[in-house]
>>> print(open('work-v3.csv').read())   # CSV, C-alpha atoms and all ligand atoms
chain,number,residue,atom,x,y,z
D,114,MET,CA,-20.8,-21.7,16.9
D,115,LYS,CA,-21.1,-25.2,15.6
D,116,ILE,CA,-18.8,-25.5,12.6
D,117,ALA,CA,-18.5,-28.6,10.3
D,118,VAL,CA,-15.0,-28.8,8.9
D,119,LEU,CA,-14.6,-30.6,5.5
D,120,PRO,CA,-11.0,-30.5,4.3
D,121,GLY,CA,-11.6,-32.4,1.1
D,122,ASP,CA,-8.8,-33.1,-1.4
D,123,GLY,CA,-5.4,-31.9,-2.7
D,124,ILE,CA,-4.3,-28.8,-0.8
D,125,GLY,CA,-7.6,-28.8,1.1
D,126,PRO,CA,-6.3,-30.5,4.3
D,127,GLU,CA,-3.2,-28.2,4.5
D,128,ILE,CA,-5.1,-24.9,4.0
D,129,VAL,CA,-8.0,-25.9,6.2
D,130,ALA,CA,-5.5,-26.8,9.0
D,131,GLN,CA,-4.4,-23.2,9.0
D,132,ALA,CA,-7.9,-21.9,9.2
D,133,VAL,CA,-8.6,-24.3,12.1
D,134,LYS,CA,-5.6,-22.7,13.9
D,135,ILE,CA,-7.4,-19.4,13.7
D,136,LEU,CA,-10.6,-20.9,15.0
D,137,HIS,CA,-8.7,-22.5,17.9
D,138,ALA,CA,-7.1,-19.1,18.7
D,139,LEU,CA,-10.4,-17.5,18.7
D,140,ARG,CA,-11.7,-20.2,21.0
D,141,SER,CA,-9.0,-19.7,23.5
D,142,ASP,CA,-10.0,-16.0,23.4
D,143,GLY,CA,-13.5,-17.0,24.6
D,144,LEU,CA,-15.6,-17.6,21.5
D,145,LYS,CA,-17.7,-20.7,21.9
D,146,ILE,CA,-16.6,-22.7,18.9
D,147,GLU,CA,-17.3,-26.4,18.3
D,148,LEU,CA,-15.6,-28.1,15.4
D,149,GLU,CA,-16.4,-31.5,13.8
D,150,GLN,CA,-14.6,-32.9,10.8
D,151,ALA,CA,-16.0,-35.0,8.0
D,152,HIS,CA,-15.1,-36.2,4.5
D,153,ILE,CA,-16.1,-34.7,1.2
D,154,GLY,CA,-15.0,-35.1,-2.4
D,155,GLY,CA,-12.4,-37.7,-3.4
D,156,ALA,CA,-11.5,-38.2,0.2
D,157,ALA,CA,-15.1,-39.2,0.9
D,158,TYR,CA,-15.2,-41.4,-2.2
D,159,ASP,CA,-12.1,-43.2,-0.9
D,160,ALA,CA,-13.5,-43.6,2.6
D,161,ALA,CA,-17.1,-44.3,1.9
D,162,GLY,CA,-17.6,-44.7,-1.9
D,163,ASP,CA,-19.6,-41.5,-2.2
D,164,PRO,CA,-18.3,-37.9,-2.7
D,165,LEU,CA,-21.0,-36.7,-0.3
D,166,PRO,CA,-21.8,-39.4,2.3
D,167,ASP,CA,-25.1,-39.0,4.2
D,168,ALA,CA,-23.2,-38.5,7.4
D,169,THR,CA,-21.4,-35.5,5.9
D,170,LEU,CA,-24.6,-33.9,4.7
D,171,LYS,CA,-26.3,-34.6,8.0
D,172,LEU,CA,-23.4,-33.0,9.9
D,173,ALA,CA,-23.5,-30.0,7.6
D,174,GLN,CA,-27.2,-29.6,8.1
D,175,GLN,CA,-26.9,-29.8,11.9
D,176,SER,CA,-24.1,-27.2,12.0
D,177,ASP,CA,-24.4,-23.4,11.8
D,178,ALA,CA,-21.7,-23.1,9.3
D,179,VAL,CA,-19.4,-25.3,7.1
D,180,LEU,CA,-15.7,-24.7,6.4
D,181,LEU,CA,-14.6,-26.4,3.3
D,182,GLY,CA,-11.2,-26.8,1.7
D,183,ALA,CA,-11.4,-28.0,-1.9
D,184,VAL,CA,-12.3,-31.1,-3.9
D,185,GLY,CA,-10.9,-32.9,-6.9
D,186,GLY,CA,-7.8,-34.8,-8.0
D,187,TYR,CA,-6.4,-36.5,-11.1
D,188,GLN,CA,-7.0,-40.0,-9.8
D,189,TYR,CA,-10.8,-39.3,-9.8
D,190,ASP,CA,-10.9,-37.9,-13.4
D,191,THR,CA,-12.0,-41.1,-15.0
D,192,LEU,CA,-14.8,-41.9,-12.5
D,193,PRO,CA,-18.4,-41.8,-13.7
D,194,ARG,CA,-19.8,-38.3,-13.2
D,195,ALA,CA,-21.9,-39.1,-10.1
D,196,MET,CA,-18.9,-40.4,-8.2
D,197,ARG,CA,-16.6,-37.5,-9.1
D,198,PRO,CA,-15.4,-35.2,-6.2
D,199,GLU,CA,-17.0,-32.1,-7.8
D,200,GLN,CA,-20.4,-33.7,-7.4
D,201,GLY,CA,-19.9,-33.8,-3.6
D,202,LEU,CA,-19.5,-30.0,-3.7
D,203,LEU,CA,-22.4,-29.4,-6.0
D,204,ARG,CA,-24.7,-31.7,-4.0
D,205,ILE,CA,-23.8,-30.0,-0.6
D,206,ARG,CA,-24.5,-26.6,-2.1
D,207,LYS,CA,-27.8,-27.8,-3.4
D,208,GLY,CA,-28.6,-29.9,-0.3
D,209,LEU,CA,-28.1,-26.9,2.0
D,210,GLY,CA,-30.0,-24.5,-0.4
D,211,LEU,CA,-26.9,-22.2,-0.7
D,212,PHE,CA,-28.1,-20.1,-3.6
D,213,ALA,CA,-26.1,-16.9,-2.9
D,214,ASN,CA,-22.4,-17.1,-3.4
D,215,LEU,CA,-20.4,-14.1,-2.4
D,216,ARG,CA,-16.9,-13.8,-3.9
D,217,PRO,CA,-15.3,-10.5,-2.9
D,218,ALA,CA,-12.2,-9.5,-5.0
D,219,MET,CA,-10.3,-7.0,-2.9
D,220,VAL,CA,-6.8,-5.8,-3.6
D,221,TYR,CA,-4.7,-5.4,-0.5
D,222,PRO,CA,-2.4,-2.4,-0.9
D,223,GLU,CA,0.5,-4.8,0.0
D,224,LEU,CA,-0.3,-6.9,-3.0
D,225,VAL,CA,-0.9,-4.3,-5.7
D,226,HIS,CA,2.3,-5.4,-7.4
D,227,ALA,CA,1.5,-9.1,-7.3
D,228,SER,CA,-1.4,-8.5,-9.7
D,229,SER,CA,-0.8,-9.2,-13.4
D,230,LEU,CA,-2.5,-5.9,-14.2
D,231,LYS,CA,-0.9,-2.4,-13.9
D,232,PRO,CA,-1.0,-1.1,-10.3
D,233,GLU,CA,-3.1,1.9,-11.1
D,234,LEU,CA,-5.9,-0.4,-12.6
D,235,VAL,CA,-6.2,-2.5,-9.5
D,236,SER,CA,-5.1,-0.4,-6.5
D,237,GLY,CA,-8.1,0.2,-4.2
D,238,LEU,CA,-10.2,-2.4,-6.1
D,239,ASP,CA,-13.1,-3.8,-4.1
D,240,VAL,CA,-15.6,-5.8,-6.2
D,241,MET,CA,-18.2,-8.2,-4.9
D,242,ILE,CA,-19.2,-10.9,-7.3
D,243,LEU,CA,-22.6,-12.4,-6.3
D,244,ARG,CA,-22.9,-15.7,-8.1
D,245,GLU,CA,-26.2,-17.7,-8.1
D,246,LEU,CA,-25.1,-21.1,-7.0
D,247,THR,CA,-27.9,-23.7,-7.1
D,248,GLY,CA,-29.4,-23.3,-10.6
D,249,ASP,CA,-28.4,-22.7,-14.2
D,250,ILE,CA,-26.7,-25.2,-16.5
D,251,TYR,CA,-25.0,-26.7,-13.5
D,252,PHE,CA,-28.3,-28.4,-12.4
D,253,GLY,CA,-30.6,-28.0,-15.4
D,254,GLN,CA,-32.4,-31.1,-16.7
D,255,PRO,CA,-32.3,-32.8,-19.1
D,256,ARG,CA,-28.6,-33.4,-19.5
D,257,GLY,CA,-26.5,-36.2,-20.6
D,258,MET,CA,-25.0,-38.0,-23.6
D,259,ARG,CA,-27.0,-39.5,-26.4
D,260,LYS,CA,-26.4,-41.3,-29.6
D,261,LEU,CA,-27.5,-39.6,-32.8
D,262,GLU,CA,-29.0,-41.4,-35.8
D,263,ASN,CA,-25.7,-41.2,-37.6
D,264,GLY,CA,-24.1,-43.0,-34.7
D,265,GLU,CA,-22.1,-40.1,-33.3
D,266,ARG,CA,-22.5,-39.2,-29.7
D,267,GLN,CA,-23.9,-35.8,-28.5
D,268,GLY,CA,-23.4,-34.2,-25.1
D,269,PHE,CA,-26.1,-31.9,-23.8
D,270,ASP,CA,-26.9,-29.7,-20.8
D,271,THR,CA,-29.8,-27.4,-20.1
D,272,MET,CA,-29.4,-23.8,-19.0
D,273,LEU,CA,-32.5,-22.7,-17.0
D,274,TYR,CA,-33.6,-20.2,-14.4
D,275,SER,CA,-37.1,-19.8,-12.9
D,276,GLU,CA,-38.4,-16.4,-11.9
D,277,SER,CA,-38.2,-17.1,-8.2
D,278,GLU,CA,-34.6,-18.3,-8.4
D,279,ILE,CA,-33.6,-15.0,-10.1
D,280,ARG,CA,-35.7,-12.9,-7.8
D,281,ARG,CA,-34.2,-14.2,-4.5
D,282,VAL,CA,-30.6,-13.8,-5.7
D,283,ALA,CA,-31.3,-10.3,-7.1
D,284,HIS,CA,-32.7,-9.2,-3.7
D,285,VAL,CA,-29.5,-10.4,-2.1
D,286,GLY,CA,-27.5,-8.4,-4.6
D,287,PHE,CA,-29.4,-5.1,-4.1
D,288,GLN,CA,-29.2,-5.5,-0.3
D,289,ILE,CA,-25.4,-6.1,-0.4
D,290,ALA,CA,-25.0,-3.0,-2.6
D,291,MET,CA,-26.9,-0.9,-0.1
D,292,LYS,CA,-24.8,-2.1,2.8
D,293,ARG,CA,-21.6,-1.5,0.9
D,294,ALA,CA,-22.8,1.9,-0.2
D,295,GLY,CA,-22.5,2.9,3.5
D,296,LEU,CA,-18.7,2.3,3.1
D,297,ASN,CA,-18.1,3.3,-0.5
D,298,GLY,CA,-20.6,5.9,-1.4
D,299,MET,CA,-23.0,5.1,-4.3
D,300,ALA,CA,-24.8,1.8,-4.3
D,301,LYS,CA,-24.3,0.0,-7.7
D,302,VAL,CA,-25.3,-3.3,-9.1
D,303,CYS,CA,-24.2,-4.6,-12.5
D,304,SER,CA,-26.2,-7.6,-13.6
D,305,VAL,CA,-24.3,-9.8,-16.1
D,306,ASP,CA,-26.1,-12.0,-18.6
D,307,LYS,CA,-26.2,-12.9,-22.3
D,308,ALA,CA,-29.6,-11.5,-23.1
D,309,ASN,CA,-28.7,-10.8,-26.7
D,310,VAL,CA,-28.7,-14.6,-27.3
D,311,LEU,CA,-30.2,-16.6,-24.5
D,312,ASP,CA,-33.8,-16.8,-23.4
D,313,THR,CA,-32.7,-17.7,-19.8
D,314,SER,CA,-30.8,-14.4,-19.8
D,315,MET,CA,-33.8,-12.4,-21.2
D,316,LEU,CA,-35.9,-13.6,-18.3
D,317,TRP,CA,-32.9,-12.9,-15.9
D,318,ARG,CA,-32.7,-9.3,-17.1
D,319,GLU,CA,-36.4,-8.7,-16.9
D,320,ILE,CA,-36.7,-10.0,-13.3
D,321,VAL,CA,-33.6,-8.3,-12.1
D,322,THR,CA,-34.9,-5.0,-13.5
D,323,GLU,CA,-38.3,-5.6,-11.8
D,324,VAL,CA,-36.6,-6.3,-8.4
D,325,GLY,CA,-34.4,-3.3,-9.0
D,326,SER,CA,-37.4,-1.0,-9.0
D,327,GLU,CA,-37.9,-1.9,-5.3
D,328,TYR,CA,-34.4,-0.4,-4.6
D,329,PRO,CA,-34.5,3.1,-6.2
D,330,GLN,CA,-31.3,4.0,-4.2
D,331,VAL,CA,-29.3,1.5,-6.1
D,332,VAL,CA,-28.1,2.2,-9.6
D,333,LEU,CA,-28.7,-0.8,-11.7
D,334,SER,CA,-26.8,-1.6,-15.0
D,335,HIS,CA,-26.8,-4.6,-17.3
D,336,MET,CA,-23.8,-6.0,-19.2
D,337,TYR,CA,-23.3,-8.9,-21.5
D,338,VAL,CA,-21.0,-11.5,-20.1
D,339,ASP,CA,-18.4,-11.3,-22.9
D,340,ASN,CA,-18.2,-7.5,-22.4
D,341,ALA,CA,-18.0,-8.0,-18.6
D,342,ALA,CA,-15.0,-10.4,-19.0
D,343,MET,CA,-13.3,-7.7,-21.0
D,344,GLN,CA,-14.3,-4.8,-18.7
D,345,LEU,CA,-12.9,-6.7,-15.7
D,346,VAL,CA,-9.4,-6.5,-17.1
D,347,ARG,CA,-9.8,-3.2,-18.8
D,348,ALA,CA,-11.3,-1.1,-16.0
D,349,PRO,CA,-12.2,-3.3,-13.0
D,350,LYS,CA,-12.9,-0.4,-10.7
D,351,GLN,CA,-16.0,0.6,-12.5
D,352,PHE,CA,-17.8,-2.4,-10.7
D,353,ASP,CA,-19.1,-2.5,-7.2
D,354,VAL,CA,-21.6,-5.5,-7.0
D,355,ILE,CA,-21.8,-7.9,-9.9
D,356,VAL,CA,-24.8,-10.2,-9.8
D,357,THR,CA,-24.9,-13.1,-12.2
D,358,GLY,CA,-25.8,-16.7,-12.8
D,359,ASN,CA,-24.0,-19.8,-11.9
D,360,ILE,CA,-21.7,-20.5,-14.9
D,361,PHE,CA,-21.0,-16.9,-15.7
D,362,GLY,CA,-20.2,-16.3,-12.1
D,363,ASP,CA,-17.9,-19.3,-12.0
D,364,ILE,CA,-15.9,-17.9,-14.9
D,365,LEU,CA,-15.9,-14.2,-14.0
D,366,SER,CA,-14.9,-14.9,-10.4
D,367,ASP,CA,-11.7,-16.8,-11.4
D,368,GLU,CA,-10.9,-13.9,-13.7
D,369,ALA,CA,-11.5,-11.4,-10.9
D,370,SER,CA,-9.3,-13.3,-8.6
D,371,MET,CA,-6.2,-12.5,-10.7
D,372,LEU,CA,-6.9,-8.8,-10.2
D,373,THR,CA,-6.1,-9.3,-6.6
D,374,GLY,CA,-2.7,-10.9,-7.2
D,375,SER,CA,-3.5,-14.5,-6.8
D,376,ILE,CA,-6.5,-16.8,-6.7
D,377,GLY,CA,-5.0,-17.9,-3.4
D,378,MET,CA,-6.3,-14.7,-1.9
D,379,LEU,CA,-10.0,-15.1,-2.8
D,380,PRO,CA,-12.5,-16.2,-0.1
D,381,SER,CA,-16.1,-17.1,-0.6
D,382,ALA,CA,-19.4,-17.4,1.3
D,383,SER,CA,-22.3,-19.5,0.1
D,384,LEU,CA,-25.5,-18.5,1.9
D,385,ASP,CA,-29.0,-19.9,2.3
D,386,ALA,CA,-32.1,-17.7,2.9
D,387,ASN,CA,-31.2,-17.6,6.7
D,388,ASN,CA,-27.5,-16.8,6.3
D,389,LYS,CA,-26.5,-20.2,7.2
D,390,GLY,CA,-23.4,-20.7,5.1
D,391,LEU,CA,-20.6,-22.7,3.6
D,392,TYR,CA,-17.3,-21.0,3.5
D,393,GLU,CA,-14.5,-22.0,1.1
D,394,PRO,CA,-11.7,-20.5,-0.9
D,395,CYS,CA,-12.5,-19.9,-4.5
D,396,HIS,CA,-9.6,-21.8,-5.7
D,397,GLY,CA,-9.5,-25.5,-6.3
D,398,SER,CA,-7.6,-28.5,-4.9
D,399,ALA,CA,-4.4,-27.8,-6.9
D,400,PRO,CA,-3.3,-31.4,-6.9
D,401,ASP,CA,0.0,-30.4,-8.5
D,402,ILE,CA,1.2,-28.6,-5.3
D,403,ALA,CA,-0.7,-30.8,-2.8
D,404,GLY,CA,1.3,-32.0,0.2
D,405,LYS,CA,4.2,-29.7,-0.5
D,406,ASN,CA,3.4,-27.1,2.1
D,407,ILE,CA,3.5,-24.2,-0.4
D,408,ALA,CA,-0.2,-23.5,-0.9
D,409,ASN,CA,-1.5,-20.1,0.1
D,410,PRO,CA,-3.9,-20.5,3.1
D,411,LEU,CA,-5.1,-16.9,3.1
D,412,ALA,CA,-8.2,-17.5,1.0
D,413,THR,CA,-9.3,-20.1,3.5
D,414,ILE,CA,-8.5,-17.9,6.5
D,415,LEU,CA,-10.3,-15.0,4.9
D,416,SER,CA,-13.3,-17.4,4.4
D,417,VAL,CA,-13.4,-17.8,8.2
D,418,ALA,CA,-13.6,-14.0,8.5
D,419,MET,CA,-16.6,-14.1,6.1
D,420,MET,CA,-18.1,-16.8,8.3
D,421,MET,CA,-17.9,-14.6,11.3
D,422,ARG,CA,-19.4,-11.7,9.4
D,423,TYR,CA,-22.3,-13.4,7.6
D,424,THR,CA,-23.4,-16.4,9.7
D,425,PHE,CA,-22.4,-15.3,13.2
D,426,THR,CA,-22.8,-11.6,12.6
D,427,ARG,CA,-19.5,-10.9,14.4
D,428,GLU,CA,-18.2,-8.1,12.3
D,429,ASP,CA,-15.7,-7.3,15.0
D,430,VAL,CA,-14.1,-10.8,14.8
D,431,ALA,CA,-14.2,-10.7,11.0
D,432,GLN,CA,-12.3,-7.5,11.0
D,433,ARG,CA,-9.8,-8.8,13.5
D,434,ILE,CA,-9.0,-11.7,11.2
D,435,GLU,CA,-8.8,-9.5,8.1
D,436,ALA,CA,-6.5,-7.1,10.0
D,437,ALA,CA,-4.3,-10.0,11.1
D,438,VAL,CA,-3.9,-11.1,7.4
D,439,ARG,CA,-3.0,-7.5,6.5
D,440,THR,CA,-0.5,-7.3,9.3
D,441,THR,CA,1.1,-10.5,8.1
D,442,LEU,CA,1.4,-9.2,4.6
D,443,GLN,CA,2.8,-5.9,5.9
D,444,ARG,CA,5.5,-7.9,7.6
D,445,GLY,CA,6.6,-9.0,4.1
D,446,LEU,CA,5.6,-12.7,4.6
D,447,ARG,CA,4.5,-14.3,1.4
D,448,THR,CA,3.6,-17.7,0.1
D,449,ALA,CA,5.1,-18.6,-3.3
D,450,ASP,CA,2.1,-17.4,-5.4
D,451,ILE,CA,2.3,-13.8,-4.1
D,452,VAL,CA,6.0,-13.4,-3.5
D,453,GLU,CA,7.9,-10.4,-4.8
D,454,ALA,CA,11.5,-9.3,-4.8
D,455,GLY,CA,12.7,-8.5,-1.2
D,456,MET,CA,9.9,-10.6,0.4
D,457,LYS,CA,10.3,-13.7,2.4
D,458,THR,CA,8.7,-16.9,1.0
D,459,ILE,CA,7.2,-19.1,3.7
D,460,GLY,CA,5.2,-22.3,3.6
D,461,THR,CA,1.6,-22.9,4.2
D,462,ASP,CA,1.9,-23.8,7.9
D,463,MET,CA,4.2,-20.8,8.7
D,464,MET,CA,1.7,-18.5,7.0
D,465,GLY,CA,-1.0,-19.9,9.3
D,466,ASP,CA,1.2,-19.4,12.4
D,467,ALA,CA,2.0,-15.9,11.3
D,468,VAL,CA,-1.6,-14.9,11.0
D,469,VAL,CA,-2.4,-16.5,14.4
D,470,GLN,CA,0.4,-14.5,15.9
D,471,ALA,CA,-0.8,-11.3,14.3
D,472,LEU,CA,-4.3,-12.1,15.6
M,1,LIG,C1,-15.9,-23.2,-8.0
M,1,LIG,C2,-15.4,-24.4,-8.6
M,1,LIG,C3,-16.6,-25.5,-8.7
M,1,LIG,C4,-17.7,-24.8,-9.5
M,1,LIG,C5,-16.2,-26.8,-9.2
M,1,LIG,C6,-15.0,-27.5,-8.5
M,1,LIG,C7,-17.3,-27.8,-9.3
M,1,LIG,O1,-14.9,-24.2,-9.9
M,1,LIG,O2,-16.3,-23.3,-6.8
M,1,LIG,O3,-15.8,-22.1,-8.6
M,1,LIG,O4,-17.6,-24.9,-10.8
M,1,LIG,O5,-18.6,-24.3,-8.9
M,2,MG,MG,-14.8,-22.1,-10.3
>>> encode(input="work-v3.csv", output="structure tokens")
Amino acid sequence: MKIAVLPGDGIGPEIVAQAVKILHALRSDGLKIELEQAHIGGAAYDAAGDPLPDATLKLAQQSDAVLLGAVGGYQYDTLPRAMRPEQGLLRIRKGLGLFANLRPAMVYPELVHASSLKPELVSGLDVMILRELTGDIYFGQPRGMRKLENGERQGFDTMLYSESEIRRVAHVGFQIAMKRAGLNGMAKVCSVDKANVLDTSMLWREIVTEVGSEYPQVVLSHMYVDNAAMQLVRAPKQFDVIVTGNIFGDILSDEASMLTGSIGMLPSASLDANNKGLYEPCHGSAPDIAGKNIANPLATILSVAMMMRYTFTREDVAQRIEAAVRTTLQRGLRTADIVEAGMKTIGTDMMGDAVVQAL
């Protein structure tokens, strides 16, 4: 298992260090794991003048999987767009063809009360958000800033999806739903769009429906994104797999993360057509708490579990890591973002050690 490790910025290095402890523990247990570290984001801009240096992309291409922390920081906010840390992330996703982004929002029984929603709304929740990751308004051309005749500036971006881009992510969605149905009963996909307003979405809905006819066992529904945002906090358990475009998925996955108690709990997998993947927590670099040893490393550790599941098809190892996280939570150990009365607040590194111990 050749894994590229890209800690990035902010809390990235701290949380990735904990996930690396897990990988080391698995290696001493006999897994053949090889790690190599490189820069991305602001750290790469500082070191090499580019948020995604060629050497980093090459390492990622030559690896089986990539473990990434987070990118971004206040000091880079005024850089031209091409040099900003976020571009490093977008370019590596695009460069590796990682079009399918899996963001599972699962509520651990131990954290039901950490959610900002009522326990009965979220207890037992298990939603998979599948976000298309290499298209949409994130990458559409033309985009930019232009001067109007009256002298004022206008910013513009282009939302677009081609049929093949929609089709391939839709297939992934239906296949995931069928696999999950084995565990949860009925296979359900809810496709989220804005087909009442956007042409991009009209095509999205048409193609998803067409692909859906190849999966008669899966119940397909469609929902407008504004309604989906509302339903996610009104009755989140109605969803199983949500499949949606890049920007809607970006927004809805942050919303879904809070159902689980903290965005610090949400892992993600970004896969190409051959299940090669990049694994990262859904949260950002959180520069306000960077270097303080208080960030929650569990989303990153759970991303390693996803890596074992999807890229290395080691479901057994994935479940071992997930069980270790649960055991740690059952012991009452919490980082500050998920702490409750009567629990023990511990730092980032102690949380990493506790999961290693449970493993
Ligand atoms: C995410 C993040 C990124 C995105 C940013 C950092 C570019 O918000 O992974 O959800 O918008 O995709
Ligand atoms: Mg986001």
>>> closest_residue(input="work-v3.csv", among="D:Val302, D:Leu415, D:Val129, D:Met196", to="Ala157 (chain D)", atoms="all atoms listed in the file")
D:Met196
>>> residues_near_ligand(input="work-v3.csv", ligand="ligand LIG 1 (chain M)", cutoff="6 Å", atoms="only C-alpha atoms and all ligand atoms", output="short mmCIF file (atom, residue, chain, number, x, y, z; two decimals) with C-alpha atoms, in the coordinates of the input")
data_model
loop_
_atom_site.label_atom_id
_atom_site.label_comp_id
_atom_site.auth_asym_id
_atom_site.auth_seq_id
_atom_site.Cartn_x
_atom_site.Cartn_y
_atom_site.Cartn_z
CA GLU D 199 -17.00 -32.10 -7.80
CA ASP D 363 -17.90 -19.30 -12.00
CA CYS D 395 -12.50 -19.90 -4.50
#
>>> closest_atom_pairs(input="work-v3.csv", of="region 344-431 of chain D", to="region 247-253 of chain D", cutoff="8 Å", atoms="only C-alpha atoms", output="Markdown table")
| residue | atom | partner | partner_atom | distance |
| --- | --- | --- | --- | --- |
| D:Gly358 | CA | D:Asp249 | CA | 6.7 |
| D:Asn359 | CA | D:Asp249 | CA | 5.7 |
| D:Ile360 | CA | D:Ile250 | CA | 7.0 |
>>> write_last_selection(input="work-v3.csv", atoms="C-alpha atoms", output="CSV table (one decimal), keeping the file's coordinate frame")
chain,number,residue,atom,x,y,z
D,358,GLY,CA,-25.8,-16.7,-12.8
D,359,ASN,CA,-24.0,-19.8,-11.9
D,360,ILE,CA,-21.7,-20.5,-14.9
>>> residues_around(input="work-v3.csv", residues="Arg259 (chain D)", least_positions_apart="6", cutoff="8 Å", atoms="all atoms listed in the file", output="list of chain:residue names")
D:Arg266, D:Gln267, D:Gly268
>>> residues_around(input="work-v3.csv", residues="Ala471 (chain D)", least_positions_apart="3", cutoff="10 Å", atoms="all atoms listed in the file", output="list in words")
Arg433, Ile434, Ala436, Ala437, Val438, Arg439, Thr440, Thr441, Arg444, Gly465, Asp466, Ala467 and Val468 of chain D
>>> residues_around(input="work-v3.csv", residues="Leu119 (chain D)", least_positions_apart="2", cutoff="10 Å", atoms="all atoms listed in the file", output="JSON list (two decimals) with C-alpha atoms, in the frame of the given file")
[["chain", "number", "residue", "atom", "x", "y", "z"],
["D", 116, "ILE", "CA", -18.80, -25.50, 12.60],
["D", 117, "ALA", "CA", -18.50, -28.60, 10.30],
["D", 121, "GLY", "CA", -11.60, -32.40, 1.10],
["D", 122, "ASP", "CA", -8.80, -33.10, -1.40],
["D", 125, "GLY", "CA", -7.60, -28.80, 1.10],
["D", 126, "PRO", "CA", -6.30, -30.50, 4.30],
["D", 129, "VAL", "CA", -8.00, -25.90, 6.20],
["D", 149, "GLU", "CA", -16.40, -31.50, 13.80],
["D", 150, "GLN", "CA", -14.60, -32.90, 10.80],
["D", 151, "ALA", "CA", -16.00, -35.00, 8.00],
["D", 152, "HIS", "CA", -15.10, -36.20, 4.50],
["D", 153, "ILE", "CA", -16.10, -34.70, 1.20],
["D", 154, "GLY", "CA", -15.00, -35.10, -2.40],
["D", 156, "ALA", "CA", -11.50, -38.20, 0.20],
["D", 157, "ALA", "CA", -15.10, -39.20, 0.90],
["D", 169, "THR", "CA", -21.40, -35.50, 5.90],
["D", 173, "ALA", "CA", -23.50, -30.00, 7.60],
["D", 179, "VAL", "CA", -19.40, -25.30, 7.10],
["D", 180, "LEU", "CA", -15.70, -24.70, 6.40],
["D", 181, "LEU", "CA", -14.60, -26.40, 3.30],
["D", 182, "GLY", "CA", -11.20, -26.80, 1.70],
["D", 183, "ALA", "CA", -11.40, -28.00, -1.90],
["D", 184, "VAL", "CA", -12.30, -31.10, -3.90],
["D", 393, "GLU", "CA", -14.50, -22.00, 1.10]]
>>> build_atoms(input="work-v3.csv", residues="region 126-136 of chain D", atoms="N, CA, C and O atoms", output="mmCIF file, in the frame of the given file")
data_model
loop_
_atom_site.group_PDB
_atom_site.id
_atom_site.type_symbol
_atom_site.label_atom_id
_atom_site.label_comp_id
_atom_site.auth_asym_id
_atom_site.auth_seq_id
_atom_site.Cartn_x
_atom_site.Cartn_y
_atom_site.Cartn_z
ATOM 1 N N PRO D 126 -6.687 -30.236 2.881
ATOM 2 C CA PRO D 126 -6.300 -30.500 4.300
ATOM 3 C C PRO D 126 -5.266 -29.494 4.819
ATOM 4 O O PRO D 126 -5.357 -29.052 5.972
ATOM 5 N N GLU D 127 -4.299 -29.113 3.985
ATOM 6 C CA GLU D 127 -3.200 -28.200 4.500
ATOM 7 C C GLU D 127 -3.776 -26.798 4.747
ATOM 8 O O GLU D 127 -3.429 -26.175 5.753
ATOM 9 N N ILE D 128 -4.610 -26.293 3.849
ATOM 10 C CA ILE D 128 -5.100 -24.900 4.000
ATOM 11 C C ILE D 128 -6.155 -24.852 5.123
ATOM 12 O O ILE D 128 -6.194 -23.902 5.904
ATOM 13 N N VAL D 129 -6.979 -25.898 5.205
ATOM 14 C CA VAL D 129 -8.000 -25.900 6.200
ATOM 15 C C VAL D 129 -7.355 -26.003 7.625
ATOM 16 O O VAL D 129 -7.812 -25.383 8.588
ATOM 17 N N ALA D 130 -6.243 -26.737 7.707
ATOM 18 C CA ALA D 130 -5.500 -26.800 9.000
ATOM 19 C C ALA D 130 -5.129 -25.454 9.500
ATOM 20 O O ALA D 130 -5.162 -25.187 10.706
ATOM 21 N N GLN D 131 -4.767 -24.558 8.591
ATOM 22 C CA GLN D 131 -4.400 -23.200 9.000
ATOM 23 C C GLN D 131 -5.578 -22.401 9.499
ATOM 24 O O GLN D 131 -5.504 -21.680 10.486
ATOM 25 N N ALA D 132 -6.703 -22.565 8.781
ATOM 26 C CA ALA D 132 -7.900 -21.900 9.200
ATOM 27 C C ALA D 132 -8.395 -22.379 10.550
ATOM 28 O O ALA D 132 -8.916 -21.616 11.376
ATOM 29 N N VAL D 133 -8.195 -23.680 10.778
ATOM 30 C CA VAL D 133 -8.600 -24.300 12.100
ATOM 31 C C VAL D 133 -7.736 -23.687 13.198
ATOM 32 O O VAL D 133 -8.224 -23.460 14.305
ATOM 33 N N LYS D 134 -6.465 -23.399 12.899
ATOM 34 C CA LYS D 134 -5.600 -22.700 13.900
ATOM 35 C C LYS D 134 -6.214 -21.412 14.335
ATOM 36 O O LYS D 134 -6.178 -21.035 15.505
ATOM 37 N N ILE D 135 -6.746 -20.682 13.359
ATOM 38 C CA ILE D 135 -7.400 -19.400 13.700
ATOM 39 C C ILE D 135 -8.588 -19.617 14.579
ATOM 40 O O ILE D 135 -8.789 -18.900 15.563
ATOM 41 N N LEU D 136 -9.396 -20.623 14.223
ATOM 42 C CA LEU D 136 -10.600 -20.900 15.000
ATOM 43 C C LEU D 136 -10.203 -21.309 16.456
ATOM 44 O O LEU D 136 -10.836 -20.905 17.425
#
